[in-house]
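Have a look at data-v8.txt below; it lists compact mmCIF, C-alpha atoms and all ligand atoms.
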```txt
# COMPACT_ATOMS: atom_id res chain seq x y z
CA MET Z 1 -58.80 -15.85 1.83
CA LEU Z 2 -58.80 -13.87 -1.36
CA ALA Z 3 -61.80 -13.96 -3.66
CA PRO Z 4 -60.57 -15.74 -6.81
CA SER Z 5 -62.02 -12.98 -8.94
CA LEU Z 6 -59.51 -10.34 -7.77
CA PRO Z 7 -58.54 -8.41 -10.90
CA THR Z 8 -55.32 -9.87 -12.33
CA GLY Z 9 -54.97 -6.96 -14.71
CA ALA Z 10 -55.12 -4.29 -12.03
CA ALA Z 11 -52.40 -1.66 -12.39
CA VAL Z 12 -52.03 -1.42 -8.62
CA PRO Z 13 -50.46 -4.51 -7.00
CA SER Z 14 -52.73 -6.15 -4.45
CA PRO Z 15 -51.00 -7.47 -1.30
CA ASP Z 16 -53.89 -9.94 -0.74
CA LYS Z 17 -53.37 -11.58 -4.10
CA ARG Z 18 -49.60 -11.72 -3.57
CA ARG Z 19 -50.00 -13.53 -0.24
CA TYR Z 20 -52.67 -15.86 -1.60
CA VAL Z 21 -50.67 -16.87 -4.70
CA ARG Z 22 -47.46 -17.42 -2.73
CA GLN Z 23 -49.29 -19.63 -0.25
CA ILE Z 24 -50.98 -21.66 -3.01
CA PHE Z 25 -47.69 -22.45 -4.74
CA THR Z 26 -45.96 -23.21 -1.44
CA ASP Z 27 -48.76 -25.68 -0.66
CA ILE Z 28 -48.93 -27.42 -4.04
CA ALA Z 29 -45.17 -27.48 -4.76
CA PRO Z 30 -44.77 -31.24 -4.04
CA ARG Z 31 -47.44 -32.12 -6.64
CA TYR Z 32 -46.95 -29.25 -9.08
CA ASP Z 33 -44.89 -31.07 -11.74
CA LEU Z 34 -47.04 -34.19 -11.71
CA LEU Z 35 -50.24 -32.18 -12.09
CA ASN Z 36 -48.75 -29.90 -14.71
CA HIS Z 37 -47.88 -32.76 -17.04
CA LEU Z 38 -51.00 -34.77 -16.19
CA LEU Z 39 -53.49 -31.94 -16.73
CA SER Z 40 -51.84 -30.70 -19.93
CA LEU Z 41 -51.15 -34.25 -21.20
CA SER Z 42 -47.49 -33.13 -21.29
CA ILE Z 43 -48.22 -30.65 -24.11
CA ASP Z 44 -46.61 -28.02 -21.88
CA ARG Z 45 -43.19 -29.49 -22.77
CA SER Z 46 -43.56 -28.47 -26.44
CA TRP Z 47 -44.85 -25.02 -25.40
CA ARG Z 48 -41.74 -24.50 -23.29
CA ARG Z 49 -39.49 -25.53 -26.17
CA ARG Z 50 -41.24 -23.02 -28.41
CA ALA Z 51 -40.93 -20.28 -25.76
CA ILE Z 52 -37.17 -20.77 -25.66
CA GLU Z 53 -37.01 -20.58 -29.47
CA ARG Z 54 -38.89 -17.26 -29.36
CA LEU Z 55 -36.37 -15.91 -26.86
CA GLU Z 56 -33.79 -15.84 -29.68
CA TRP Z 57 -31.05 -16.65 -27.16
CA ARG Z 58 -28.68 -17.64 -30.01
CA ARG Z 59 -27.98 -13.94 -30.50
CA ARG Z 60 -26.23 -14.05 -27.11
CA PRO Z 61 -25.58 -17.69 -26.15
CA GLY Z 62 -23.20 -16.63 -23.37
CA GLY Z 63 -25.57 -14.03 -21.90
CA LEU Z 64 -27.31 -13.64 -18.56
CA TYR Z 65 -31.01 -14.57 -18.71
CA LEU Z 66 -33.91 -14.29 -16.29
CA ASP Z 67 -36.67 -16.83 -15.84
CA ALA Z 68 -39.17 -14.96 -13.67
CA CYS Z 69 -41.86 -16.83 -11.69
CA ALA Z 70 -39.58 -19.79 -12.39
CA GLY Z 71 -41.45 -22.30 -10.21
CA THR Z 72 -39.84 -25.74 -10.47
CA LEU Z 73 -37.32 -24.52 -13.07
CA ASP Z 74 -38.69 -26.23 -16.20
CA LEU Z 75 -38.23 -23.21 -18.47
CA ALA Z 76 -34.84 -22.31 -17.00
CA ALA Z 77 -33.70 -25.91 -17.49
CA GLU Z 78 -35.04 -25.92 -21.07
CA LEU Z 79 -32.83 -22.92 -21.90
CA ALA Z 80 -29.81 -24.11 -19.92
CA GLY Z 81 -29.98 -27.54 -21.56
CA ARG Z 82 -29.74 -26.21 -25.12
CA ARG Z 83 -26.65 -27.25 -27.00
CA ASP Z 84 -24.52 -24.18 -27.64
CA PHE Z 85 -26.02 -22.30 -24.70
CA ASN Z 86 -23.13 -21.32 -22.45
CA GLY Z 87 -24.71 -18.46 -20.52
CA ARG Z 88 -26.41 -18.32 -17.11
CA VAL Z 89 -30.05 -18.27 -16.07
CA VAL Z 90 -31.31 -16.63 -12.90
CA ALA Z 91 -34.47 -18.54 -11.95
CA ALA Z 92 -36.44 -16.22 -9.68
CA ASP Z 93 -39.57 -17.09 -7.73
CA PHE Z 94 -41.05 -15.92 -4.43
CA ALA Z 95 -42.05 -19.45 -3.35
CA LEU Z 96 -38.94 -21.21 -2.07
CA ALA Z 97 -40.78 -24.55 -2.00
CA MET Z 98 -41.27 -24.37 -5.79
CA LEU Z 99 -37.61 -23.58 -6.47
CA ARG Z 100 -36.54 -26.46 -4.22
CA ARG Z 101 -38.61 -28.93 -6.28
CA GLY Z 102 -36.56 -27.91 -9.31
CA THR Z 103 -33.26 -28.92 -7.76
CA GLY Z 104 -31.31 -31.16 -10.11
CA LYS Z 105 -33.24 -30.28 -13.28
CA ALA Z 106 -30.41 -28.09 -14.56
CA PRO Z 107 -26.66 -27.91 -13.91
CA ALA Z 108 -25.97 -25.64 -10.92
CA ASP Z 109 -23.31 -23.73 -12.86
CA ARG Z 110 -25.91 -22.72 -15.47
CA VAL Z 111 -29.08 -22.07 -13.46
CA ARG Z 112 -29.03 -20.04 -10.26
CA PRO Z 113 -32.33 -20.14 -8.28
CA ALA Z 114 -33.18 -16.94 -6.41
CA VAL Z 115 -36.02 -16.13 -4.06
CA ALA Z 116 -37.31 -12.84 -5.46
CA ASP Z 117 -40.56 -11.05 -6.20
CA THR Z 118 -41.08 -10.34 -9.91
CA LEU Z 119 -42.69 -7.04 -8.92
CA GLN Z 120 -39.47 -5.90 -7.20
CA LEU Z 121 -36.48 -7.64 -8.72
CA PRO Z 122 -33.35 -6.95 -6.67
CA VAL Z 123 -31.13 -6.13 -9.65
CA PRO Z 124 -30.09 -2.91 -11.43
CA ASP Z 125 -31.71 -1.68 -14.65
CA ALA Z 126 -30.59 -3.38 -17.88
CA THR Z 127 -29.15 -6.51 -16.24
CA PHE Z 128 -30.44 -9.32 -18.49
CA ASP Z 129 -29.95 -10.36 -22.12
CA GLY Z 130 -33.45 -11.84 -22.20
CA ALA Z 131 -36.27 -13.02 -19.94
CA THR Z 132 -39.00 -15.66 -19.90
CA VAL Z 133 -42.10 -16.02 -17.76
CA GLY Z 134 -44.01 -19.31 -17.94
CA PHE Z 135 -47.56 -19.30 -16.56
CA GLY Z 136 -46.45 -16.54 -14.21
CA VAL Z 137 -47.58 -13.05 -15.24
CA ARG Z 138 -51.21 -14.15 -14.84
CA ASN Z 139 -50.45 -14.71 -11.17
CA LEU Z 140 -48.86 -11.34 -10.54
CA ALA Z 141 -50.65 -9.01 -8.18
CA GLY Z 142 -50.44 -6.20 -10.76
CA LEU Z 143 -49.86 -7.12 -14.39
CA ASP Z 144 -48.72 -3.68 -15.57
CA ALA Z 145 -46.39 -3.23 -12.63
CA GLY Z 146 -44.88 -6.66 -13.38
CA LEU Z 147 -44.39 -5.96 -17.09
CA GLY Z 148 -42.79 -2.62 -16.20
CA GLU Z 149 -40.40 -4.32 -13.79
CA LEU Z 150 -39.47 -6.98 -16.37
CA ALA Z 151 -38.83 -4.27 -18.97
CA ARG Z 152 -36.67 -2.37 -16.48
CA VAL Z 153 -34.25 -5.26 -15.95
CA LEU Z 154 -33.79 -6.01 -19.68
CA LYS Z 155 -30.86 -4.59 -21.64
CA PRO Z 156 -31.77 -2.57 -24.75
CA GLY Z 157 -32.50 -5.07 -27.53
CA ALA Z 158 -33.24 -7.93 -25.09
CA ARG Z 159 -36.48 -9.93 -25.40
CA LEU Z 160 -39.23 -10.82 -22.98
CA VAL Z 161 -41.23 -13.96 -23.82
CA VAL Z 162 -44.40 -14.73 -21.88
CA LEU Z 163 -46.03 -18.17 -22.06
CA ASP Z 164 -49.50 -18.51 -20.62
CA PHE Z 165 -52.90 -20.07 -21.05
CA THR Z 166 -55.55 -18.43 -23.20
CA THR Z 167 -59.11 -19.34 -24.09
CA PRO Z 168 -59.55 -20.80 -27.62
CA GLU Z 169 -61.65 -18.61 -29.93
CA ALA Z 170 -63.23 -21.30 -32.18
CA ALA Z 171 -66.68 -22.23 -30.86
CA PRO Z 172 -66.70 -26.07 -30.50
CA LEU Z 173 -63.21 -26.27 -29.03
CA ARG Z 174 -63.92 -23.31 -26.76
CA ALA Z 175 -66.91 -25.09 -25.20
CA LEU Z 176 -64.93 -28.30 -24.70
CA TYR Z 177 -62.00 -26.39 -23.24
CA LEU Z 178 -64.21 -24.43 -20.83
CA PHE Z 179 -65.85 -27.65 -19.67
CA TYR Z 180 -62.46 -29.31 -19.10
CA PHE Z 181 -60.90 -26.25 -17.48
CA HIS Z 182 -63.79 -25.38 -15.17
CA ARG Z 183 -65.18 -28.84 -14.36
CA VAL Z 184 -62.64 -31.63 -14.92
CA LEU Z 185 -59.37 -29.90 -14.08
CA PRO Z 186 -60.41 -28.53 -10.64
CA MET Z 187 -61.64 -32.01 -9.65
CA ILE Z 188 -58.43 -33.82 -10.66
CA GLY Z 189 -56.34 -30.97 -9.24
CA ARG Z 190 -58.12 -31.16 -5.88
CA LEU Z 191 -57.81 -34.95 -5.69
CA VAL Z 192 -54.12 -35.11 -6.60
CA SER Z 193 -52.86 -31.97 -4.85
CA GLY Z 194 -55.11 -32.22 -1.80
CA HIS Z 195 -55.50 -28.42 -2.03
CA PRO Z 196 -59.10 -27.22 -1.74
CA THR Z 197 -58.92 -24.15 -4.02
CA ALA Z 198 -55.66 -24.04 -6.04
CA TYR Z 199 -57.11 -25.69 -9.12
CA THR Z 200 -60.28 -23.61 -8.99
CA TYR Z 201 -58.11 -20.52 -8.88
CA LEU Z 202 -56.31 -21.65 -12.07
CA PRO Z 203 -59.27 -21.48 -14.52
CA GLU Z 204 -60.57 -18.34 -12.83
CA SER Z 205 -57.21 -16.62 -13.22
CA VAL Z 206 -57.09 -17.63 -16.92
CA ALA Z 207 -60.61 -16.26 -17.50
CA ASP Z 208 -59.49 -13.00 -15.89
CA PHE Z 209 -56.29 -12.75 -17.94
CA PRO Z 210 -56.14 -10.50 -21.05
CA PRO Z 211 -56.04 -12.19 -24.49
CA PRO Z 212 -52.69 -12.08 -26.36
CA ASP Z 213 -53.44 -8.95 -28.42
CA GLU Z 214 -54.30 -7.03 -25.26
CA LEU Z 215 -51.26 -8.42 -23.47
CA GLU Z 216 -49.17 -7.25 -26.41
CA ALA Z 217 -50.60 -3.72 -26.02
CA ARG Z 218 -49.85 -3.79 -22.28
CA MET Z 219 -46.26 -4.84 -23.09
CA ARG Z 220 -45.97 -1.85 -25.41
CA ASN Z 221 -47.22 0.42 -22.63
CA ALA Z 222 -44.54 -1.07 -20.38
CA GLY Z 223 -41.85 0.16 -22.76
CA LEU Z 224 -41.37 -2.85 -25.05
CA ARG Z 225 -41.36 -2.68 -28.85
CA ASP Z 226 -41.68 -5.14 -31.75
CA CYS Z 227 -44.31 -7.01 -29.76
CA GLY Z 228 -46.05 -10.04 -31.19
CA HIS Z 229 -47.83 -13.22 -30.24
CA GLU Z 230 -48.37 -16.78 -31.38
CA ARG Z 231 -51.26 -18.99 -30.33
CA LEU Z 232 -50.33 -22.57 -29.47
CA THR Z 233 -52.35 -25.80 -29.71
CA ALA Z 234 -55.49 -24.23 -31.18
CA GLY Z 235 -55.33 -21.30 -28.80
CA ILE Z 236 -55.13 -23.13 -25.48
CA ALA Z 237 -51.90 -21.27 -24.76
CA ALA Z 238 -50.01 -18.38 -26.30
CA LEU Z 239 -46.57 -16.88 -26.47
CA THR Z 240 -46.41 -13.10 -26.32
CA TRP Z 241 -43.14 -11.23 -26.67
CA GLY Z 242 -41.58 -7.82 -26.88
CA VAL Z 243 -38.16 -6.24 -27.18
CA ARG Z 244 -36.68 -3.66 -24.79
C1 LIG M 1 -47.97 -21.60 -12.43
S1 LIG M 1 -46.41 -21.45 -11.69
C2 LIG M 1 -45.33 -21.47 -13.09
C3 LIG M 1 -43.97 -22.04 -12.79
C4 LIG M 1 -43.05 -22.19 -13.98
N1 LIG M 1 -42.69 -20.94 -14.58
C5 LIG M 1 -43.60 -23.12 -15.03
O1 LIG M 1 -43.53 -22.77 -16.21
O2 LIG M 1 -44.09 -24.20 -14.68
C6 LIG M 1 -46.39 -19.76 -11.23
C7 LIG M 1 -45.19 -19.39 -10.36
O3 LIG M 1 -45.14 -17.97 -10.24
C8 LIG M 1 -44.69 -17.67 -8.95
N2 LIG M 1 -45.06 -16.28 -8.67
C9 LIG M 1 -46.30 -15.72 -8.72
N3 LIG M 1 -46.23 -14.42 -8.42
C10 LIG M 1 -44.91 -14.14 -8.22
C11 LIG M 1 -44.20 -12.97 -7.89
N4 LIG M 1 -44.82 -11.79 -7.70
N5 LIG M 1 -42.86 -13.04 -7.76
C12 LIG M 1 -42.21 -14.22 -7.94
N6 LIG M 1 -42.83 -15.38 -8.22
C13 LIG M 1 -44.17 -15.33 -8.37
C14 LIG M 1 -45.35 -18.71 -8.06
O4 LIG M 1 -44.70 -18.85 -6.83
C15 LIG M 1 -45.24 -19.95 -8.94
O5 LIG M 1 -44.08 -20.69 -8.68
```
Step by step, read the file and then write its structure as structure tokens.
Ligand SMILES: C[S@@+](CC[C@H](N)C(=O)[O-])C[C@H]1O[C@@H](n2cnc3c(N)ncnc32)[C@H](O)[C@@H]1O
Amino acid sequence: MLAPSLPTGAAVPSPDKRRYVRQIFTDIAPRYDLLNHLLSLSIDRSWRRRAIERLEWRRRPGGLYLDACAGTLDLAAELAGRRDFNGRVVAADFALAMLRRGTGKAPADRVRPAVADTLQLPVPDATFDGATVGFGVRNLAGLDAGLGELARVLKPGARLVVLDFTTPEAAPLRALYLFYFHRVLPMIGRLVSGHPTAYTYLPESVADFPPPDELEARMRNAGLRDCGHERLTAGIAALTWGVR
């Protein structure tokens, strides 16, 4: 089994990490939604709403969008459920078990699940009018390769919005957060999911993930412009975006 400290930010994709991550999400799929809302006290719902706002989909409400690392389809459903949205969302994930758990969250004529690896999306260049990734790029076995692939499939002018955890900067909250994330969360995660390591991997992968300003720079290197970020809930999570 992969050491949890494998470098998330490595430019070269690691097959070990890919296998490990896919297996984790296949294993925890039945409990993923419950744990997500329980461990974040459902704050993730407001983060997802904000991510969809940042996508600026109203510029092309009838467009074709990608939700990469779509998991159980929460972000895809958030976009598809917007009034005035009349486009389509391809919800791509390499763990079929996660996609299956999302069945019924969004109308089938709006959201199309697809088993696909974000590092090798099976679509031509410049396919999508926008893309989201919720809590996904941190899990990629090669962050720069993943950002490059996401940039490749965006049309010129289309936006990528990444939602992920960060570590708060302010001292008292930071200590509390680290205690919760490294002590409390793995314990609850293990008890509810029954998985021995998945919820130990989560805080370790967040600790290993670049902060938003660095992620922004990596997006620029991947060919995106007008990059920016917004910290959410005192810096527990952040949205980072860029335009193709
Ligand atoms: C933490 S979950 C996030 C799911 C969902 N986006 C959400 O907001 O709840 C991460 C997802 O990324 C998927 N994933 C990780 N690496 C991937 C890759 N290379 N290609 C496709 N999916 C990937 C996992 O299978 C998992 O479903």
Write out as a PyMOL selection string each polymer residue (protein, DNA or RNA) that has an atom no more than 9 Å from ligand LIG 1 (chain M), with only C-alpha atoms and all ligand atoms counted. chain Z and resi 17-18+21-26+29+32-33+36+44+48+67-76+91-99+115-121+132-142+146+163-164+202
Those residues with C-alpha atoms, as a compact mmCIF listing (two decimals), in the frame of the given file please?
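Output file part00.txt is given in full below:
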```
# COMPACT_ATOMS: atom_id res chain seq x y z
CA LYS Z 17 -53.37 -11.58 -4.10
CA ARG Z 18 -49.60 -11.72 -3.57
CA VAL Z 21 -50.67 -16.87 -4.70
CA ARG Z 22 -47.46 -17.42 -2.73
CA GLN Z 23 -49.29 -19.63 -0.25
CA ILE Z 24 -50.98 -21.66 -3.01
CA PHE Z 25 -47.69 -22.45 -4.74
CA THR Z 26 -45.96 -23.21 -1.44
CA ALA Z 29 -45.17 -27.48 -4.76
CA TYR Z 32 -46.95 -29.25 -9.08
CA ASP Z 33 -44.89 -31.07 -11.74
CA ASN Z 36 -48.75 -29.90 -14.71
CA ASP Z 44 -46.61 -28.02 -21.88
CA ARG Z 48 -41.74 -24.50 -23.29
CA ASP Z 67 -36.67 -16.83 -15.84
CA ALA Z 68 -39.17 -14.96 -13.67
CA CYS Z 69 -41.86 -16.83 -11.69
CA ALA Z 70 -39.58 -19.79 -12.39
CA GLY Z 71 -41.45 -22.30 -10.21
CA THR Z 72 -39.84 -25.74 -10.47
CA LEU Z 73 -37.32 -24.52 -13.07
CA ASP Z 74 -38.69 -26.23 -16.20
CA LEU Z 75 -38.23 -23.21 -18.47
CA ALA Z 76 -34.84 -22.31 -17.00
CA ALA Z 91 -34.47 -18.54 -11.95
CA ALA Z 92 -36.44 -16.22 -9.68
CA ASP Z 93 -39.57 -17.09 -7.73
CA PHE Z 94 -41.05 -15.92 -4.43
CA ALA Z 95 -42.05 -19.45 -3.35
CA LEU Z 96 -38.94 -21.21 -2.07
CA ALA Z 97 -40.78 -24.55 -2.00
CA MET Z 98 -41.27 -24.37 -5.79
CA LEU Z 99 -37.61 -23.58 -6.47
CA VAL Z 115 -36.02 -16.13 -4.06
CA ALA Z 116 -37.31 -12.84 -5.46
CA ASP Z 117 -40.56 -11.05 -6.20
CA THR Z 118 -41.08 -10.34 -9.91
CA LEU Z 119 -42.69 -7.04 -8.92
CA GLN Z 120 -39.47 -5.90 -7.20
CA LEU Z 121 -36.48 -7.64 -8.72
CA THR Z 132 -39.00 -15.66 -19.90
CA VAL Z 133 -42.10 -16.02 -17.76
CA GLY Z 134 -44.01 -19.31 -17.94
CA PHE Z 135 -47.56 -19.30 -16.56
CA GLY Z 136 -46.45 -16.54 -14.21
CA VAL Z 137 -47.58 -13.05 -15.24
CA ARG Z 138 -51.21 -14.15 -14.84
CA ASN Z 139 -50.45 -14.71 -11.17
CA LEU Z 140 -48.86 -11.34 -10.54
CA ALA Z 141 -50.65 -9.01 -8.18
CA GLY Z 142 -50.44 -6.20 -10.76
CA GLY Z 146 -44.88 -6.66 -13.38
CA LEU Z 163 -46.03 -18.17 -22.06
CA ASP Z 164 -49.50 -18.51 -20.62
CA LEU Z 202 -56.31 -21.65 -12.07
```
Looking at all atoms listed in the file, which of Z:Pro107, Z:Pro172, Z:Gly102, Z:Gly242 is the one that sits closest to Gly130 of chain Z?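 The answer is Z:Gly242, which sits nearest to Gly130 of chain Z.
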Please determine, counting all atoms listed in the file, which residue among Z:Gly223, Z:Leu143, Z:Pro156, Z:Met187 has the shortest atom-to-atom distance to Pro210 of chain Z.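 Answer, going by the shortest atom-to-atom distance: Z:Leu143.
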Interatomic distance (Å, one decimal) between atom CA of Tyr177 of chain Z and atom CA of Ala51 of chain Z: 22.1 Å
Tell me which of Z:Glu53, Z:Leu35, Z:Asp208, Z:Val89 sits closest to Ser193 of chain Z, counting only C-alpha atoms.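 Using only C-alpha atoms, the shortest distance to Ser193 of chain Z belongs to Z:Leu35.
Atom CA of Val153 of chain Z to atom CA of Gly87 of chain Z spans 16.9 Å [interatomic distance, one decimal].
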How far is it from atom CA of Thr197 of chain Z to atom CA of His182 of chain Z, in Å with one decimal?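 Atom CA of His182 of chain Z lies 12.2 Å from atom CA of Thr197 of chain Z.
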Compile the contact shell of Glu230 of chain Z as a PyMOL selection string: residues with an atom at most 7 Å away, counting all atoms listed in the file, same-chain residues fewer than 4 positions apart removed. chain Z and resi 238-240
For segment 227-229 of chain Z: contacts at 12 Å, all atoms listed in the file, fewer than 5 positions along chain excluded, given as a ChimeraX atom specification: /Z:50-51,54,159-164,166,211-222,235,237-244
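Comparing Z:Pro124, Z:Pro203, Z:Gly194, Z:Pro113 by their smallest distance to Pro30 of chain Z, the closest is Z:Gly194 (using only C-alpha atoms).
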Would you kindly place N, CA, C and O atoms on segment 18-39 of chain Z and return the model as a PDB file, in the frame of the given file?
```pdb
ATOM      1  N   ARG Z  18     -50.990 -11.283  -3.696  1.00  0.00           N
ATOM      2  CA  ARG Z  18     -49.600 -11.720  -3.570  1.00  0.00           C
ATOM      3  C   ARG Z  18     -49.486 -12.824  -2.502  1.00  0.00           C
ATOM      4  O   ARG Z  18     -48.899 -13.876  -2.732  1.00  0.00           O
ATOM      5  N   ARG Z  19     -50.061 -12.560  -1.347  1.00  0.00           N
ATOM      6  CA  ARG Z  19     -50.000 -13.530  -0.240  1.00  0.00           C
ATOM      7  C   ARG Z  19     -50.690 -14.820  -0.623  1.00  0.00           C
ATOM      8  O   ARG Z  19     -50.215 -15.925  -0.377  1.00  0.00           O
ATOM      9  N   TYR Z  20     -51.850 -14.692  -1.234  1.00  0.00           N
ATOM     10  CA  TYR Z  20     -52.670 -15.860  -1.600  1.00  0.00           C
ATOM     11  C   TYR Z  20     -51.927 -16.749  -2.600  1.00  0.00           C
ATOM     12  O   TYR Z  20     -51.841 -17.962  -2.432  1.00  0.00           O
ATOM     13  N   VAL Z  21     -51.365 -16.112  -3.640  1.00  0.00           N
ATOM     14  CA  VAL Z  21     -50.670 -16.870  -4.700  1.00  0.00           C
ATOM     15  C   VAL Z  21     -49.425 -17.551  -4.123  1.00  0.00           C
ATOM     16  O   VAL Z  21     -49.163 -18.728  -4.394  1.00  0.00           O
ATOM     17  N   ARG Z  22     -48.690 -16.836  -3.311  1.00  0.00           N
ATOM     18  CA  ARG Z  22     -47.460 -17.420  -2.730  1.00  0.00           C
ATOM     19  C   ARG Z  22     -47.803 -18.627  -1.870  1.00  0.00           C
ATOM     20  O   ARG Z  22     -47.128 -19.656  -1.916  1.00  0.00           O
ATOM     21  N   GLN Z  23     -48.885 -18.519  -1.115  1.00  0.00           N
ATOM     22  CA  GLN Z  23     -49.290 -19.630  -0.250  1.00  0.00           C
ATOM     23  C   GLN Z  23     -49.747 -20.833  -1.085  1.00  0.00           C
ATOM     24  O   GLN Z  23     -49.378 -21.975  -0.809  1.00  0.00           O
ATOM     25  N   ILE Z  24     -50.525 -20.566  -2.143  1.00  0.00           N
ATOM     26  CA  ILE Z  24     -50.980 -21.660  -3.010  1.00  0.00           C
ATOM     27  C   ILE Z  24     -49.794 -22.443  -3.539  1.00  0.00           C
ATOM     28  O   ILE Z  24     -49.738 -23.672  -3.463  1.00  0.00           O
ATOM     29  N   PHE Z  25     -48.798 -21.733  -4.103  1.00  0.00           N
ATOM     30  CA  PHE Z  25     -47.690 -22.450  -4.740  1.00  0.00           C
ATOM     31  C   PHE Z  25     -46.775 -23.110  -3.707  1.00  0.00           C
ATOM     32  O   PHE Z  25     -46.177 -24.148  -3.990  1.00  0.00           O
ATOM     33  N   THR Z  26     -46.705 -22.544  -2.516  1.00  0.00           N
ATOM     34  CA  THR Z  26     -45.960 -23.210  -1.440  1.00  0.00           C
ATOM     35  C   THR Z  26     -46.661 -24.516  -1.094  1.00  0.00           C
ATOM     36  O   THR Z  26     -46.026 -25.565  -0.948  1.00  0.00           O
ATOM     37  N   ASP Z  27     -47.981 -24.486  -1.033  1.00  0.00           N
ATOM     38  CA  ASP Z  27     -48.760 -25.680  -0.660  1.00  0.00           C
ATOM     39  C   ASP Z  27     -48.710 -26.770  -1.727  1.00  0.00           C
ATOM     40  O   ASP Z  27     -48.608 -27.955  -1.416  1.00  0.00           O
ATOM     41  N   ILE Z  28     -48.817 -26.386  -3.000  1.00  0.00           N
ATOM     42  CA  ILE Z  28     -48.930 -27.420  -4.040  1.00  0.00           C
ATOM     43  C   ILE Z  28     -47.580 -27.828  -4.634  1.00  0.00           C
ATOM     44  O   ILE Z  28     -47.528 -28.711  -5.499  1.00  0.00           O
ATOM     45  N   ALA Z  29     -46.492 -27.207  -4.166  1.00  0.00           N
ATOM     46  CA  ALA Z  29     -45.170 -27.480  -4.760  1.00  0.00           C
ATOM     47  C   ALA Z  29     -44.861 -28.984  -4.907  1.00  0.00           C
ATOM     48  O   ALA Z  29     -44.396 -29.410  -5.971  1.00  0.00           O
ATOM     49  N   PRO Z  30     -45.140 -29.824  -3.899  1.00  0.00           N
ATOM     50  CA  PRO Z  30     -44.770 -31.240  -4.040  1.00  0.00           C
ATOM     51  C   PRO Z  30     -45.490 -31.949  -5.197  1.00  0.00           C
ATOM     52  O   PRO Z  30     -45.000 -32.945  -5.713  1.00  0.00           O
ATOM     53  N   ARG Z  31     -46.671 -31.460  -5.586  1.00  0.00           N
ATOM     54  CA  ARG Z  31     -47.440 -32.120  -6.640  1.00  0.00           C
ATOM     55  C   ARG Z  31     -47.483 -31.316  -7.941  1.00  0.00           C
ATOM     56  O   ARG Z  31     -48.141 -31.712  -8.896  1.00  0.00           O
ATOM     57  N   TYR Z  32     -46.810 -30.170  -7.951  1.00  0.00           N
ATOM     58  CA  TYR Z  32     -46.950 -29.250  -9.080  1.00  0.00           C
ATOM     59  C   TYR Z  32     -46.551 -29.895 -10.423  1.00  0.00           C
ATOM     60  O   TYR Z  32     -47.317 -29.863 -11.388  1.00  0.00           O
ATOM     61  N   ASP Z  33     -45.379 -30.516 -10.464  1.00  0.00           N
ATOM     62  CA  ASP Z  33     -44.890 -31.070 -11.740  1.00  0.00           C
ATOM     63  C   ASP Z  33     -45.807 -32.177 -12.242  1.00  0.00           C
ATOM     64  O   ASP Z  33     -46.170 -32.224 -13.422  1.00  0.00           O
ATOM     65  N   LEU Z  34     -46.173 -33.072 -11.331  1.00  0.00           N
ATOM     66  CA  LEU Z  34     -47.040 -34.190 -11.710  1.00  0.00           C
ATOM     67  C   LEU Z  34     -48.346 -33.658 -12.311  1.00  0.00           C
ATOM     68  O   LEU Z  34     -48.763 -34.069 -13.404  1.00  0.00           O
ATOM     69  N   LEU Z  35     -48.958 -32.706 -11.622  1.00  0.00           N
ATOM     70  CA  LEU Z  35     -50.240 -32.180 -12.090  1.00  0.00           C
ATOM     71  C   LEU Z  35     -50.096 -31.395 -13.396  1.00  0.00           C
ATOM     72  O   LEU Z  35     -50.952 -31.475 -14.275  1.00  0.00           O
ATOM     73  N   ASN Z  36     -49.000 -30.673 -13.496  1.00  0.00           N
ATOM     74  CA  ASN Z  36     -48.750 -29.900 -14.710  1.00  0.00           C
ATOM     75  C   ASN Z  36     -48.765 -30.799 -15.942  1.00  0.00           C
ATOM     76  O   ASN Z  36     -49.452 -30.519 -16.928  1.00  0.00           O
ATOM     77  N   HIS Z  37     -48.007 -31.884 -15.879  1.00  0.00           N
ATOM     78  CA  HIS Z  37     -47.880 -32.760 -17.040  1.00  0.00           C
ATOM     79  C   HIS Z  37     -49.152 -33.598 -17.233  1.00  0.00           C
ATOM     80  O   HIS Z  37     -49.579 -33.851 -18.357  1.00  0.00           O
ATOM     81  N   LEU Z  38     -49.769 -33.972 -16.122  1.00  0.00           N
ATOM     82  CA  LEU Z  38     -51.000 -34.770 -16.190  1.00  0.00           C
ATOM     83  C   LEU Z  38     -52.142 -33.942 -16.808  1.00  0.00           C
ATOM     84  O   LEU Z  38     -52.802 -34.371 -17.773  1.00  0.00           O
ATOM     85  N   LEU Z  39     -52.338 -32.743 -16.295  1.00  0.00           N
ATOM     86  CA  LEU Z  39     -53.490 -31.940 -16.730  1.00  0.00           C
ATOM     87  C   LEU Z  39     -53.306 -31.365 -18.129  1.00  0.00           C
ATOM     88  O   LEU Z  39     -54.279 -31.072 -18.813  1.00  0.00           O
TER      89      LEU Z  39
END
```
